[in-house]
>>> print(open('entry_11.pdb').read())   # PDB, C-alpha atoms and all ligand atoms
ATOM      1  CA  MET Q 509      21.138 -13.067  34.288
ATOM      2  CA  ALA Q 510      21.203 -11.880  30.729
ATOM      3  CA  GLY Q 511      23.007 -14.800  29.169
ATOM      4  CA  ARG Q 512      20.142 -17.236  29.487
ATOM      5  CA  HIS Q 513      17.635 -14.913  27.893
ATOM      6  CA  GLN Q 514      16.995 -14.804  24.175
ATOM      7  CA  ILE Q 515      16.549 -11.371  22.701
ATOM      8  CA  GLY Q 516      15.383 -11.153  19.128
ATOM      9  CA  TYR Q 517      14.268  -8.386  16.819
ATOM     10  CA  PRO Q 518      11.784  -9.851  14.357
ATOM     11  CA  ILE Q 519       9.305  -7.426  12.850
ATOM     12  CA  ALA Q 520       6.162  -8.073  14.851
ATOM     13  CA  MET Q 521       2.837  -7.055  13.393
ATOM     14  CA  ARG Q 522      -0.333  -8.155  15.078
ATOM     15  CA  GLN Q 523      -3.777  -7.463  13.771
ATOM     16  CA  SER Q 524      -7.246  -7.603  15.163
ATOM     17  CA  PRO Q 525      -9.859  -9.566  13.237
ATOM     18  CA  ASN Q 526     -11.253  -7.603  10.355
ATOM     19  CA  PRO Q 527     -14.247  -5.600  11.535
ATOM     20  CA  ARG Q 528     -17.784  -6.158  10.403
ATOM     21  CA  PRO Q 529     -17.831  -5.195   6.727
ATOM     22  CA  GLU Q 530     -20.069  -2.324   5.716
ATOM     23  CA  PRO Q 531     -21.292  -2.145   2.129
ATOM     24  CA  ALA Q 532     -19.257   0.479   0.350
ATOM     25  CA  ALA Q 533     -21.155   3.272  -1.280
ATOM     26  CA  THR Q 534     -21.220   2.976  -5.041
ATOM     27  CA  ALA Q 535     -19.134   5.527  -6.855
ATOM     28  CA  ALA Q 536     -22.142   6.567  -8.926
ATOM     29  CA  ALA Q 537     -23.801   7.923  -5.785
ATOM     30  CA  ILE Q 538     -20.809  10.082  -4.845
ATOM     31  CA  ASP Q 539     -20.005  13.510  -6.267
ATOM     32  CA  PRO Q 540     -16.191  13.457  -6.682
ATOM     33  CA  THR Q 541     -16.032  17.233  -6.148
ATOM     34  CA  ASP Q 542     -17.511  16.829  -2.643
ATOM     35  CA  PRO Q 543     -14.676  15.875  -0.260
ATOM     36  CA  ALA Q 544     -17.081  14.980   2.563
ATOM     37  CA  ALA Q 545     -19.015  12.578   0.329
ATOM     38  CA  VAL Q 546     -15.781  10.986  -0.918
ATOM     39  CA  LEU Q 547     -14.458  10.684   2.638
ATOM     40  CA  ALA Q 548     -17.673   9.085   3.894
ATOM     41  CA  GLY Q 549     -17.538   6.580   1.049
ATOM     42  CA  LEU Q 550     -13.931   5.699   1.859
ATOM     43  CA  ILE Q 551     -14.518   5.398   5.615
ATOM     44  CA  ARG Q 552     -17.386   2.959   4.955
ATOM     45  CA  CYS Q 553     -14.868   0.649   3.293
ATOM     46  CA  PRO Q 554     -13.349  -1.424   6.142
ATOM     47  CA  SER Q 555      -9.854  -1.403   4.651
ATOM     48  CA  VAL Q 556      -7.904  -2.678   7.646
ATOM     49  CA  THR Q 557      -4.485  -3.753   6.363
ATOM     50  CA  PRO Q 558      -4.149  -5.933   4.303
ATOM     51  CA  GLN Q 559      -7.851  -5.889   3.354
ATOM     52  CA  GLU Q 560      -8.686  -3.687   0.367
ATOM     53  CA  GLY Q 561     -12.175  -3.361   1.808
ATOM     54  CA  GLY Q 562     -13.575  -1.730  -1.318
ATOM     55  CA  ALA Q 563     -11.603   1.494  -0.783
ATOM     56  CA  LEU Q 564      -9.354   1.196  -3.834
ATOM     57  CA  ALA Q 565     -12.265   0.018  -5.987
ATOM     58  CA  LEU Q 566     -14.216   3.120  -4.963
ATOM     59  CA  LEU Q 567     -11.221   5.363  -5.623
ATOM     60  CA  GLN Q 568     -10.653   3.705  -8.996
ATOM     61  CA  ALA Q 569     -14.248   4.325 -10.062
ATOM     62  CA  LEU Q 570     -14.175   7.955  -8.918
ATOM     63  CA  LEU Q 571     -10.842   8.670 -10.637
ATOM     64  CA  ALA Q 572     -11.897   6.947 -13.850
ATOM     65  CA  GLY Q 573     -15.068   9.030 -13.778
ATOM     66  CA  VAL Q 574     -13.070  12.263 -14.020
ATOM     67  CA  GLY Q 575     -10.754  10.995 -16.747
ATOM     68  CA  PHE Q 576      -7.858   9.229 -15.018
ATOM     69  CA  ALA Q 577      -6.362   6.017 -16.437
ATOM     70  CA  VAL Q 578      -6.203   3.642 -13.464
ATOM     71  CA  ASP Q 579      -4.055   0.559 -12.767
ATOM     72  CA  ARG Q 580      -4.420  -1.733  -9.768
ATOM     73  CA  PRO Q 581      -1.145  -3.649  -9.329
ATOM     74  CA  VAL Q 582      -1.093  -6.362  -6.656
ATOM     75  CA  PHE Q 583       2.240  -7.026  -4.985
ATOM     76  CA  SER Q 584       3.272 -10.036  -2.963
ATOM     77  CA  GLU Q 585       6.267 -11.675  -1.416
ATOM     78  CA  ALA Q 586       6.901 -14.682   0.796
ATOM     79  CA  GLY Q 587       5.842 -14.224   4.377
ATOM     80  CA  ALA Q 588       3.377 -11.390   3.749
ATOM     81  CA  GLU Q 589      -0.171 -11.098   2.484
ATOM     82  CA  PRO Q 590      -0.575  -9.925  -1.132
ATOM     83  CA  VAL Q 591      -1.740  -6.310  -1.143
ATOM     84  CA  GLU Q 592      -3.651  -4.258  -3.689
ATOM     85  CA  ASN Q 593      -2.366  -0.857  -4.804
ATOM     86  CA  LEU Q 594      -3.507   1.842  -7.199
ATOM     87  CA  PHE Q 595      -1.818   4.111  -9.710
ATOM     88  CA  ALA Q 596      -3.846   6.639 -11.688
ATOM     89  CA  ARG Q 597      -2.609   9.268 -14.097
ATOM     90  CA  LEU Q 598      -4.026  12.102 -16.174
ATOM     91  CA  GLY Q 599      -2.080  13.880 -18.923
ATOM     92  CA  ASP Q 600       0.993  12.693 -20.804
ATOM     93  CA  SER Q 601       3.435  15.599 -20.912
ATOM     94  CA  GLY Q 602       4.663  18.488 -18.842
ATOM     95  CA  PRO Q 603       5.470  18.724 -15.133
ATOM     96  CA  HIS Q 604       4.292  15.671 -13.194
ATOM     97  CA  LEU Q 605       2.726  16.072  -9.752
ATOM     98  CA  VAL Q 606       1.993  12.902  -7.831
ATOM     99  CA  PHE Q 607      -0.232  12.566  -4.808
ATOM    100  CA  ALA Q 608       0.934   9.713  -2.598
ATOM    101  CA  GLY Q 609      -1.026   8.066   0.153
ATOM    102  CA  HIS Q 610      -2.681   4.971   1.556
ATOM    103  CA  THR Q 611      -6.237   3.751   1.957
ATOM    104  CA  ASP Q 612      -5.518   1.090   4.564
ATOM    105  CA  VAL Q 613      -6.228   1.821   8.216
ATOM    106  CA  VAL Q 614      -5.190   0.388  11.562
ATOM    107  CA  PRO Q 615      -7.665  -1.938  13.291
ATOM    108  CA  PRO Q 616     -10.366  -0.141  15.300
ATOM    109  CA  GLY Q 617      -9.458  -1.956  18.485
ATOM    110  CA  ASN Q 618     -12.294  -2.673  20.874
ATOM    111  CA  THR Q 619     -15.334  -1.139  19.174
ATOM    112  CA  VAL Q 620     -17.058  -0.887  22.575
ATOM    113  CA  ASP Q 621     -14.662   1.997  23.281
ATOM    114  CA  TRP Q 622     -15.904   3.953  20.254
ATOM    115  CA  THR Q 623     -18.683   6.481  20.677
ATOM    116  CA  HIS Q 624     -19.711   5.825  17.052
ATOM    117  CA  ASP Q 625     -19.287   2.962  14.601
ATOM    118  CA  PRO Q 626     -15.714   3.340  13.256
ATOM    119  CA  PHE Q 627     -16.878   2.473   9.718
ATOM    120  CA  ALA Q 628     -20.152   4.402   9.567
ATOM    121  CA  ALA Q 629     -18.785   7.912   8.818
ATOM    122  CA  GLU Q 630     -21.298   9.649  11.064
ATOM    123  CA  ILE Q 631     -21.114  13.443  11.287
ATOM    124  CA  VAL Q 632     -21.166  14.734  14.864
ATOM    125  CA  HIS Q 633     -21.039  18.468  15.592
ATOM    126  CA  GLY Q 634     -19.737  19.104  12.104
ATOM    127  CA  GLU Q 635     -16.940  16.521  12.277
ATOM    128  CA  MET Q 636     -16.925  13.174  10.523
ATOM    129  CA  ILE Q 637     -16.107  10.261  12.837
ATOM    130  CA  GLY Q 638     -14.423   7.132  11.530
ATOM    131  CA  ARG Q 639     -11.277   5.049  11.401
ATOM    132  CA  GLY Q 640      -8.935   6.654   8.881
ATOM    133  CA  ALA Q 641     -10.797   9.982   8.741
ATOM    134  CA  VAL Q 642      -7.520  11.744   9.539
ATOM    135  CA  ASP Q 643      -4.908   9.149   8.593
ATOM    136  CA  MET Q 644      -5.402   9.379   5.735
ATOM    137  CA  LYS Q 645      -8.630   8.930   3.860
ATOM    138  CA  GLY Q 646      -9.304  12.608   4.564
ATOM    139  CA  GLY Q 647      -6.176  13.596   2.652
ATOM    140  CA  ILE Q 648      -7.113  11.399  -0.298
ATOM    141  CA  ALA Q 649     -10.665  12.763  -0.355
ATOM    142  CA  ALA Q 650      -9.395  16.356  -0.305
ATOM    143  CA  PHE Q 651      -6.943  15.775  -3.126
ATOM    144  CA  LEU Q 652      -9.471  13.907  -5.259
ATOM    145  CA  ALA Q 653     -12.089  16.621  -4.764
ATOM    146  CA  ALA Q 654      -9.572  19.337  -5.632
ATOM    147  CA  ALA Q 655      -8.538  17.533  -8.805
ATOM    148  CA  ALA Q 656     -12.153  16.843  -9.799
ATOM    149  CA  ARG Q 657     -13.148  20.484  -9.220
ATOM    150  CA  TYR Q 658     -10.240  21.721 -11.337
ATOM    151  CA  ILE Q 659     -11.008  19.268 -14.153
ATOM    152  CA  ARG Q 660     -14.710  20.096 -14.107
ATOM    153  CA  LYS Q 661     -13.998  23.820 -14.255
ATOM    154  CA  SER Q 662     -10.950  24.033 -16.500
ATOM    155  CA  GLY Q 663     -10.545  20.653 -18.179
ATOM    156  CA  ALA Q 664      -7.487  18.423 -17.903
ATOM    157  CA  PRO Q 665      -4.441  20.165 -16.400
ATOM    158  CA  ARG Q 666      -1.614  21.146 -18.744
ATOM    159  CA  GLY Q 667       0.879  18.965 -16.896
ATOM    160  CA  GLN Q 668       0.533  15.451 -15.540
ATOM    161  CA  LEU Q 669      -1.286  14.472 -12.364
ATOM    162  CA  SER Q 670      -1.065  11.076 -10.687
ATOM    163  CA  PHE Q 671      -2.361   9.231  -7.648
ATOM    164  CA  LEU Q 672       0.044   6.712  -6.122
ATOM    165  CA  ILE Q 673      -1.995   4.951  -3.446
ATOM    166  CA  THR Q 674      -1.094   1.848  -1.476
ATOM    167  CA  GLY Q 675      -3.094  -0.512   0.708
ATOM    168  CA  ASP Q 676      -0.019  -1.508   2.698
ATOM    169  CA  GLU Q 677       1.152   1.382   4.839
ATOM    170  CA  GLU Q 678      -0.211   0.605   8.293
ATOM    171  CA  GLY Q 679       0.768  -3.084   8.186
ATOM    172  CA  PRO Q 680       4.065  -4.743   7.265
ATOM    173  CA  ALA Q 681       4.444  -2.184   4.439
ATOM    174  CA  VAL Q 682       6.422  -4.555   2.235
ATOM    175  CA  ASN Q 683       3.914  -4.696  -0.636
ATOM    176  CA  GLY Q 684       3.199  -0.998  -0.832
ATOM    177  CA  THR Q 685       4.829   2.292  -1.771
ATOM    178  CA  VAL Q 686       8.368   1.037  -2.428
ATOM    179  CA  LYS Q 687       7.176  -1.634  -4.850
ATOM    180  CA  LEU Q 688       4.670   0.786  -6.371
ATOM    181  CA  LEU Q 689       7.445   3.317  -7.044
ATOM    182  CA  GLN Q 690       9.592   0.604  -8.627
ATOM    183  CA  TRP Q 691       6.606  -0.508 -10.728
ATOM    184  CA  ALA Q 692       5.967   3.075 -11.862
ATOM    185  CA  SER Q 693       9.643   3.662 -12.604
ATOM    186  CA  GLU Q 694       9.792   0.530 -14.785
ATOM    187  CA  ARG Q 695       6.848   1.919 -16.758
ATOM    188  CA  GLY Q 696       8.850   5.078 -17.399
ATOM    189  CA  GLU Q 697       7.001   7.292 -14.941
ATOM    190  CA  ARG Q 698       9.000  10.294 -13.744
ATOM    191  CA  PHE Q 699       7.747  12.593 -11.019
ATOM    192  CA  ASP Q 700       8.684  16.254 -10.543
ATOM    193  CA  ALA Q 701       6.921  16.834  -7.232
ATOM    194  CA  CYS Q 702       5.128  14.707  -4.678
ATOM    195  CA  LEU Q 703       2.575  15.601  -2.070
ATOM    196  CA  VAL Q 704       1.969  13.052   0.700
ATOM    197  CA  GLY Q 705      -1.397  13.431   2.348
ATOM    198  CA  GLU Q 706      -0.385  12.316   5.815
ATOM    199  CA  PRO Q 707      -1.865  14.416   8.629
ATOM    200  CA  THR Q 708       0.854  16.702   9.988
ATOM    201  CA  ASN Q 709      -0.925  19.973  10.774
ATOM    202  CA  PRO Q 710      -1.530  20.218  14.530
ATOM    203  CA  ASP Q 711      -3.748  23.296  14.532
ATOM    204  CA  ALA Q 712      -4.543  24.695  11.100
ATOM    205  CA  LEU Q 713      -4.247  23.574   7.495
ATOM    206  CA  GLY Q 714      -0.743  24.224   6.229
ATOM    207  CA  ASP Q 715       0.804  25.116   9.585
ATOM    208  CA  MET Q 716       3.422  22.391   9.241
ATOM    209  CA  ILE Q 717       5.100  21.164   6.080
ATOM    210  CA  LYS Q 718       7.552  18.291   6.399
ATOM    211  CA  ILE Q 719      10.295  17.357   4.010
ATOM    212  CA  GLY Q 720      10.269  13.677   4.901
ATOM    213  CA  ARG Q 721       9.057  11.054   7.327
ATOM    214  CA  ARG Q 722      10.613   9.416  10.321
ATOM    215  CA  GLY Q 723      11.525   5.776   9.954
ATOM    216  CA  SER Q 724       9.689   3.053  11.845
ATOM    217  CA  LEU Q 725      11.022  -0.119  13.418
ATOM    218  CA  SER Q 726       8.795  -2.563  15.284
ATOM    219  CA  ALA Q 727      10.439  -5.207  17.405
ATOM    220  CA  GLU Q 728       9.818  -7.891  19.976
ATOM    221  CA  VAL Q 729      12.118  -8.897  22.819
ATOM    222  CA  ARG Q 730      11.459 -12.484  23.911
ATOM    223  CA  ILE Q 731      12.527 -13.438  27.412
ATOM    224  CA  ILE Q 732      12.543 -17.140  28.193
ATOM    225  CA  GLY Q 733      12.554 -18.270  31.820
ATOM    226  CA  ARG Q 734      11.323 -21.359  33.656
ATOM    227  CA  GLN Q 735       7.794 -21.949  34.885
ATOM    228  CA  GLY Q 736       7.136 -22.597  38.548
ATOM    229  CA  HIS Q 737       4.844 -22.028  41.521
ATOM    230  CA  VAL Q 738       5.059 -18.614  43.189
ATOM    231  CA  ALA Q 739       5.490 -20.348  46.531
ATOM    232  CA  TYR Q 740       8.763 -21.837  45.293
ATOM    233  CA  PRO Q 741      10.400 -19.061  43.266
ATOM    234  CA  HIS Q 742      13.864 -20.544  43.801
ATOM    235  CA  LEU Q 743      12.797 -23.456  41.598
ATOM    236  CA  ALA Q 744      11.587 -21.157  38.822
ATOM    237  CA  ASP Q 745      13.136 -18.447  36.673
ATOM    238  CA  ASN Q 746      10.718 -15.563  36.441
ATOM    239  CA  PRO Q 747      11.169 -13.848  33.031
ATOM    240  CA  LEU Q 748       9.292 -10.782  34.278
ATOM    241  CA  ARG Q 749      12.147  -9.838  36.625
ATOM    242  CA  SER Q 750      14.352  -9.368  33.596
ATOM    243  CA  ALA Q 751      11.550  -7.924  31.485
ATOM    244  CA  VAL Q 752      11.071  -5.041  33.907
ATOM    245  CA  GLN Q 753      14.777  -4.193  33.803
ATOM    246  CA  ILE Q 754      14.984  -4.556  30.028
ATOM    247  CA  ALA Q 755      11.909  -2.367  29.525
ATOM    248  CA  GLU Q 756      13.395   0.285  31.785
ATOM    249  CA  ALA Q 757      16.751   0.122  29.997
ATOM    250  CA  LEU Q 758      15.075   0.396  26.594
ATOM    251  CA  MET Q 759      13.373   3.617  27.606
ATOM    252  CA  ALA Q 760      16.052   5.087  29.855
ATOM    253  CA  THR Q 761      18.498   6.590  27.389
ATOM    254  CA  PRO Q 762      17.274   8.973  24.678
ATOM    255  CA  LEU Q 763      18.318   7.765  21.248
ATOM    256  CA  ASP Q 764      19.369  11.263  20.211
ATOM    257  CA  GLY Q 765      18.550  14.918  20.700
ATOM    258  CA  GLY Q 766      16.861  15.545  17.375
ATOM    259  CA  THR Q 767      18.213  17.169  14.243
ATOM    260  CA  GLU Q 768      17.709  20.400  12.395
ATOM    261  CA  VAL Q 769      14.677  19.029  10.561
ATOM    262  CA  PHE Q 770      13.393  16.216  12.785
ATOM    263  CA  GLN Q 771      12.383  15.793  16.395
ATOM    264  CA  PRO Q 772      14.309  13.367  18.664
ATOM    265  CA  SER Q 773      13.921   9.681  17.871
ATOM    266  CA  ASN Q 774      11.628   7.860  20.267
ATOM    267  CA  LEU Q 775      11.288   4.310  21.498
ATOM    268  CA  GLU Q 776       7.850   3.428  22.806
ATOM    269  CA  ILE Q 777       6.897   0.148  24.444
ATOM    270  CA  THR Q 778       3.508  -0.890  23.091
ATOM    271  CA  ALA Q 779       2.827  -4.143  24.932
ATOM    272  CA  ILE Q 780       4.251  -6.547  27.492
ATOM    273  CA  GLU Q 781       2.648  -9.958  27.147
ATOM    274  CA  THR Q 782       3.019 -13.106  29.214
ATOM    275  CA  GLY Q 783       0.009 -15.205  28.223
ATOM    276  CA  ASN Q 784      -0.193 -16.105  31.910
ATOM    277  CA  ALA Q 785      -3.742 -16.012  33.277
ATOM    278  CA  SER Q 786      -2.815 -17.506  36.648
ATOM    279  CA  VAL Q 787      -2.127 -15.538  39.836
ATOM    280  CA  ASN Q 788       0.003 -18.191  41.510
ATOM    281  CA  VAL Q 789       2.163 -19.462  38.660
ATOM    282  CA  ILE Q 790       5.402 -17.903  37.445
ATOM    283  CA  GLY Q 791       5.140 -17.965  33.666
ATOM    284  CA  ALA Q 792       7.871 -19.355  31.454
ATOM    285  CA  ARG Q 793       8.046 -16.560  28.930
ATOM    286  CA  CYS Q 794       7.423 -12.896  28.311
ATOM    287  CA  SER Q 795       7.542 -10.641  25.255
ATOM    288  CA  ILE Q 796       8.137  -6.895  25.141
ATOM    289  CA  PHE Q 797       6.849  -5.235  21.968
ATOM    290  CA  PHE Q 798       8.122  -1.807  21.044
ATOM    291  CA  ASN Q 799       8.322   0.629  18.159
ATOM    292  CA  VAL Q 800      11.019   3.158  17.342
ATOM    293  CA  ARG Q 801      10.237   6.250  15.301
ATOM    294  CA  PHE Q 802      13.641   7.427  14.213
ATOM    295  CA  ASN Q 803      15.037  10.530  12.560
ATOM    296  CA  ASP Q 804      17.721  10.969   9.918
ATOM    297  CA  LEU Q 805      20.533  10.108  12.349
ATOM    298  CA  TRP Q 806      19.508   6.452  12.220
ATOM    299  CA  THR Q 807      18.857   3.570   9.886
ATOM    300  CA  VAL Q 808      17.085   0.265  10.606
ATOM    301  CA  GLU Q 809      20.480  -1.429  10.481
ATOM    302  CA  GLY Q 810      21.946   1.108  12.882
ATOM    303  CA  LEU Q 811      19.138   0.568  15.370
ATOM    304  CA  LYS Q 812      19.488  -3.210  15.182
ATOM    305  CA  ALA Q 813      23.200  -2.861  15.863
ATOM    306  CA  GLU Q 814      22.565  -0.684  18.910
ATOM    307  CA  PRO Q 815      23.668  -2.430  22.120
ATOM    308  CA  ARG Q 816      20.934  -4.582  23.608
ATOM    309  CA  PRO Q 817      19.567  -3.575  27.027
ATOM    310  CA  ALA Q 818      21.380  -6.506  28.592
ATOM    311  CA  ASP Q 819      24.658  -5.162  27.222
ATOM    312  CA  ARG Q 820      23.822  -1.720  28.526
ATOM    313  CA  ARG Q 821      23.350  -3.118  32.014
ATOM    314  CA  GLY Q 822      26.888  -4.351  31.676
ATOM    315  CA  GLY Q 823      28.058  -0.773  31.665
ATOM    316  CA  HIS Q 824      27.513   0.537  28.155
ATOM    317  CA  ARG Q 825      25.302   3.573  28.276
ATOM    318  CA  GLY Q 826      26.320   5.540  25.222
ATOM    319  CA  THR Q 827      25.381   9.160  25.013
ATOM    320  CA  PRO Q 828      23.630  10.596  21.981
ATOM    321  CA  SER Q 829      26.741  12.460  20.980
ATOM    322  CA  SER Q 830      28.960   9.388  21.173
ATOM    323  CA  ARG Q 831      26.490   7.478  19.029
ATOM    324  CA  LYS Q 832      26.423  10.207  16.445
ATOM    325  CA  ALA Q 833      30.142   9.776  16.083
ATOM    326  CA  GLY Q 834      29.830   6.019  15.676
ATOM    327  CA  SER Q 835      30.219   4.270  12.367
ATOM    328  CA  ARG Q 836      26.697   2.878  12.632
ATOM    329  CA  LEU Q 837      25.281   6.260  11.770
TER     330      LEU Q 837
HETATM  331 ZN    ZN Q 901      -0.902   7.414   7.346
END
>>> encode(input="entry_11.pdb", output="structure tokens")
Amino acid sequence: MAGRHQIGYPIAMRQSPNPRPEPAATAAAIDPTDPAAVLAGLIRCPSVTPQEGGALALLQALLAGVGFAVDRPVFSEAGAEPVENLFARLGDSGPHLVFAGHTDVVPPGNTVDWTHDPFAAEIVHGEMIGRGAVDMKGGIAAFLAAAARYIRKSGAPRGQLSFLITGDEEGPAVNGTVKLLQWASERGERFDACLVGEPTNPDALGDMIKIGRRGSLSAEVRIIGRQGHVAYPHLADNPLRSAVQIAEALMATPLDGGTEVFQPSNLEITAIETGNASVNVIGARCSIFFNVRFNDLWTVEGLKAEPRPADRRGGHRGTPSSRKAGSRL
């Protein structure tokens, strides 16, 4: 069964059409010391990856207004959209703290399912609603407001303070933080400490501090069969029969049991697509899309080298402990 099926692991990123653009608030109308005002301004920028959406322009104006020198490098490479980024710094000597984050957001999905416009930043029962409010325009707004309050009260800090913000975190993430760090390094920037504003606190501010992030691998398994009429299945090759088994095999065996500092790695199937709208035709092809969030036991290369589900059906069902001992790790 497995031999006739093609299984590939290209990075698969799919995006919804960019949502209706909302005019971004002008920086002049926003008090940089007010995190709610900054957050509302950022949410009203429809910065769905790779669109800048006005978010970095707003951030640039606000940072420049409190004394930061701001650069907006654009990175590109073949096969990916060029993406705008931002680096802002204040001070030129002493310990260097950098705040790292991203202004891009995932698509809102079907806006009919939202109770409020995802790019309107409405406040409901004391909470601001909007795409990216938590991940992670809220973090950026909080850090900017804290910096602006300090500067307004005490002047420029004695050390150095920077913002390292990308617009390519939720998408392919090839024209974002890695290139921005290389760009900063080539300019002679050296950082002593970094705070990433990703949302990690489940209950209260500061209740969880992480020392790193899990890795992410998105993949697509393509299963090619042969089209036919459901009344004559022996003349067709239904790819869904294999897809069901492959999907089950992908999820069946835990990748590991977690480590001292990270939870267990997880593989999650995000979509199974056939493109078949008919009820009486066996489709010719099927794709399984999945994402792996992996801990420090794995690398992208190690995951790609992991036996395919078809191989596993052939008898290989490695245990987490045997994989830990493998050279791939
Ligand atoms: Zn994020």
>>> closest_atom_pairs(input="entry_11.pdb", of="chain Q", to="ligand ZN 901 (chain Q)", cutoff="12 Å", atoms="all atoms listed in the file", output="tab-separated table")
residue	atom	partner	partner_atom	distance
Q:Thr557	CA	Q:ZN901	ZN	11.8
Q:Ala608	CA	Q:ZN901	ZN	10.4
Q:Gly609	CA	Q:ZN901	ZN	7.2
Q:His610	CA	Q:ZN901	ZN	6.5
Q:Thr611	CA	Q:ZN901	ZN	8.4
Q:Asp612	CA	Q:ZN901	ZN	8.3
Q:Val613	CA	Q:ZN901	ZN	7.8
Q:Val614	CA	Q:ZN901	ZN	9.2
Q:Arg639	CA	Q:ZN901	ZN	11.4
Q:Gly640	CA	Q:ZN901	ZN	8.2
Q:Ala641	CA	Q:ZN901	ZN	10.3
Q:Val642	CA	Q:ZN901	ZN	8.2
Q:Asp643	CA	Q:ZN901	ZN	4.5
Q:Met644	CA	Q:ZN901	ZN	5.2
Q:Lys645	CA	Q:ZN901	ZN	8.6
Q:Gly646	CA	Q:ZN901	ZN	10.3
Q:Gly647	CA	Q:ZN901	ZN	9.4
Q:Ile648	CA	Q:ZN901	ZN	10.6
Q:Ile673	CA	Q:ZN901	ZN	11.1
Q:Thr674	CA	Q:ZN901	ZN	10.4
Q:Gly675	CA	Q:ZN901	ZN	10.6
Q:Asp676	CA	Q:ZN901	ZN	10.1
Q:Glu677	CA	Q:ZN901	ZN	6.8
Q:Glu678	CA	Q:ZN901	ZN	6.9
Q:Gly679	CA	Q:ZN901	ZN	10.7
Q:Ala681	CA	Q:ZN901	ZN	11.4
Q:Thr685	CA	Q:ZN901	ZN	11.9
Q:Val704	CA	Q:ZN901	ZN	9.2
Q:Gly705	CA	Q:ZN901	ZN	7.8
Q:Glu706	CA	Q:ZN901	ZN	5.2
Q:Pro707	CA	Q:ZN901	ZN	7.2
Q:Thr708	CA	Q:ZN901	ZN	9.8
Q:Arg721	CA	Q:ZN901	ZN	10.6
>>> closest_residue(input="entry_11.pdb", among="Q:Arg657, Q:His742, Q:Arg730, Q:His604", to="Phe798 in chain Q", atoms="only C-alpha atoms")
Q:Arg730
>>> closest_residue(input="entry_11.pdb", among="Q:Phe770, Q:Leu763, Q:Gly791, Q:Ala563", to="Leu748 in chain Q", atoms="only C-alpha atoms")
Q:Gly791
>>> residues_around(input="entry_11.pdb", residues="Pro772 in chain Q", least_positions_apart="4", cutoff="9 Å", atoms="only C-alpha atoms", output="list in words")
Pro762, Leu763, Asp764, Gly765, Gly766, Thr767, Arg801, Phe802 and Asn803 of chain Q
>>> closest_residue(input="entry_11.pdb", among="Q:Ala596, Q:Ala760, Q:Ile732, Q:Val769", to="Pro581 in chain Q", atoms="only C-alpha atoms")
Q:Ala596
>>> resolve_selection(input="entry_11.pdb", expression="the PyMOL selection byres (((chain Q and resi 568) around 9) and not hetatm)", output="NGL selection string")
:Q and (535 or 563-567 or 569-573 or 576-580 or 594-596)
>>> resolve_selection(input="entry_11.pdb", expression="the PyMOL selection byres (((chain Q and resi 549) around 10) and not hetatm)", output="VMD selection string")
chain Q and resid 531 to 535 537 to 538 543 to 548 550 to 553 562 to 563 566 to 567 627 to 629 645 649
>>> residues_around(input="entry_11.pdb", residues="range 774-781 of chain Q", least_positions_apart="2", cutoff="12 Å", atoms="all atoms listed in the file", output="VMD selection string")
chain Q and resid 520 to 522 722 to 731 747 to 748 751 to 752 754 to 766 770 to 772 783 to 785 791 to 803 806 811
>>> closest_residue(input="entry_11.pdb", among="Q:Val787, Q:Ala586, Q:Pro710, Q:Glu768", to="Ala739 in chain Q", atoms="all atoms listed in the file")
Q:Val787
>>> atom_distance(input="entry_11.pdb", atom1="CA of Gly736 in chain Q", atom2="CA of Ile790 in chain Q")
5.1 Å
>>> atom_distance(input="entry_11.pdb", atom1="CA of Gly638 in chain Q", atom2="CA of Val591 in chain Q")
22.4 Å
>>> atom_distance(input="entry_11.pdb", atom1="CA of Arg749 in chain Q", atom2="CA of Gly733 in chain Q")
9.7 Å
>>> closest_residue(input="entry_11.pdb", among="Q:Ile637, Q:Ala712, Q:Ile631, Q:Leu669", to="Ser601 in chain Q", atoms="only C-alpha atoms")
Q:Leu669
>>> resolve_selection(input="entry_11.pdb", expression="the PyMOL selection byres (((chain Q and resi 659) around 12) and not hetatm)", output="CSV table (one decimal) with C-alpha atoms, in the coordinates of the input")
chain,number,residue,atom,x,y,z
Q,540,PRO,CA,-16.2,13.5,-6.7
Q,541,THR,CA,-16.0,17.2,-6.1
Q,571,LEU,CA,-10.8,8.7,-10.6
Q,573,GLY,CA,-15.1,9.0,-13.8
Q,574,VAL,CA,-13.1,12.3,-14.0
Q,575,GLY,CA,-10.8,11.0,-16.7
Q,576,PHE,CA,-7.9,9.2,-15.0
Q,598,LEU,CA,-4.0,12.1,-16.2
Q,599,GLY,CA,-2.1,13.9,-18.9
Q,652,LEU,CA,-9.5,13.9,-5.3
Q,653,ALA,CA,-12.1,16.6,-4.8
Q,654,ALA,CA,-9.6,19.3,-5.6
Q,655,ALA,CA,-8.5,17.5,-8.8
Q,656,ALA,CA,-12.2,16.8,-9.8
Q,657,ARG,CA,-13.1,20.5,-9.2
Q,658,TYR,CA,-10.2,21.7,-11.3
Q,660,ARG,CA,-14.7,20.1,-14.1
Q,661,LYS,CA,-14.0,23.8,-14.3
Q,662,SER,CA,-11.0,24.0,-16.5
Q,663,GLY,CA,-10.5,20.7,-18.2
Q,664,ALA,CA,-7.5,18.4,-17.9
Q,665,PRO,CA,-4.4,20.2,-16.4
Q,666,ARG,CA,-1.6,21.1,-18.7
Q,669,LEU,CA,-1.3,14.5,-12.4
>>> closest_residue(input="entry_11.pdb", among="Q:Gln753, Q:Ser670, Q:Ser773, Q:Gln735", to="Val789 in chain Q", atoms="all atoms listed in the file")
Q:Gln735
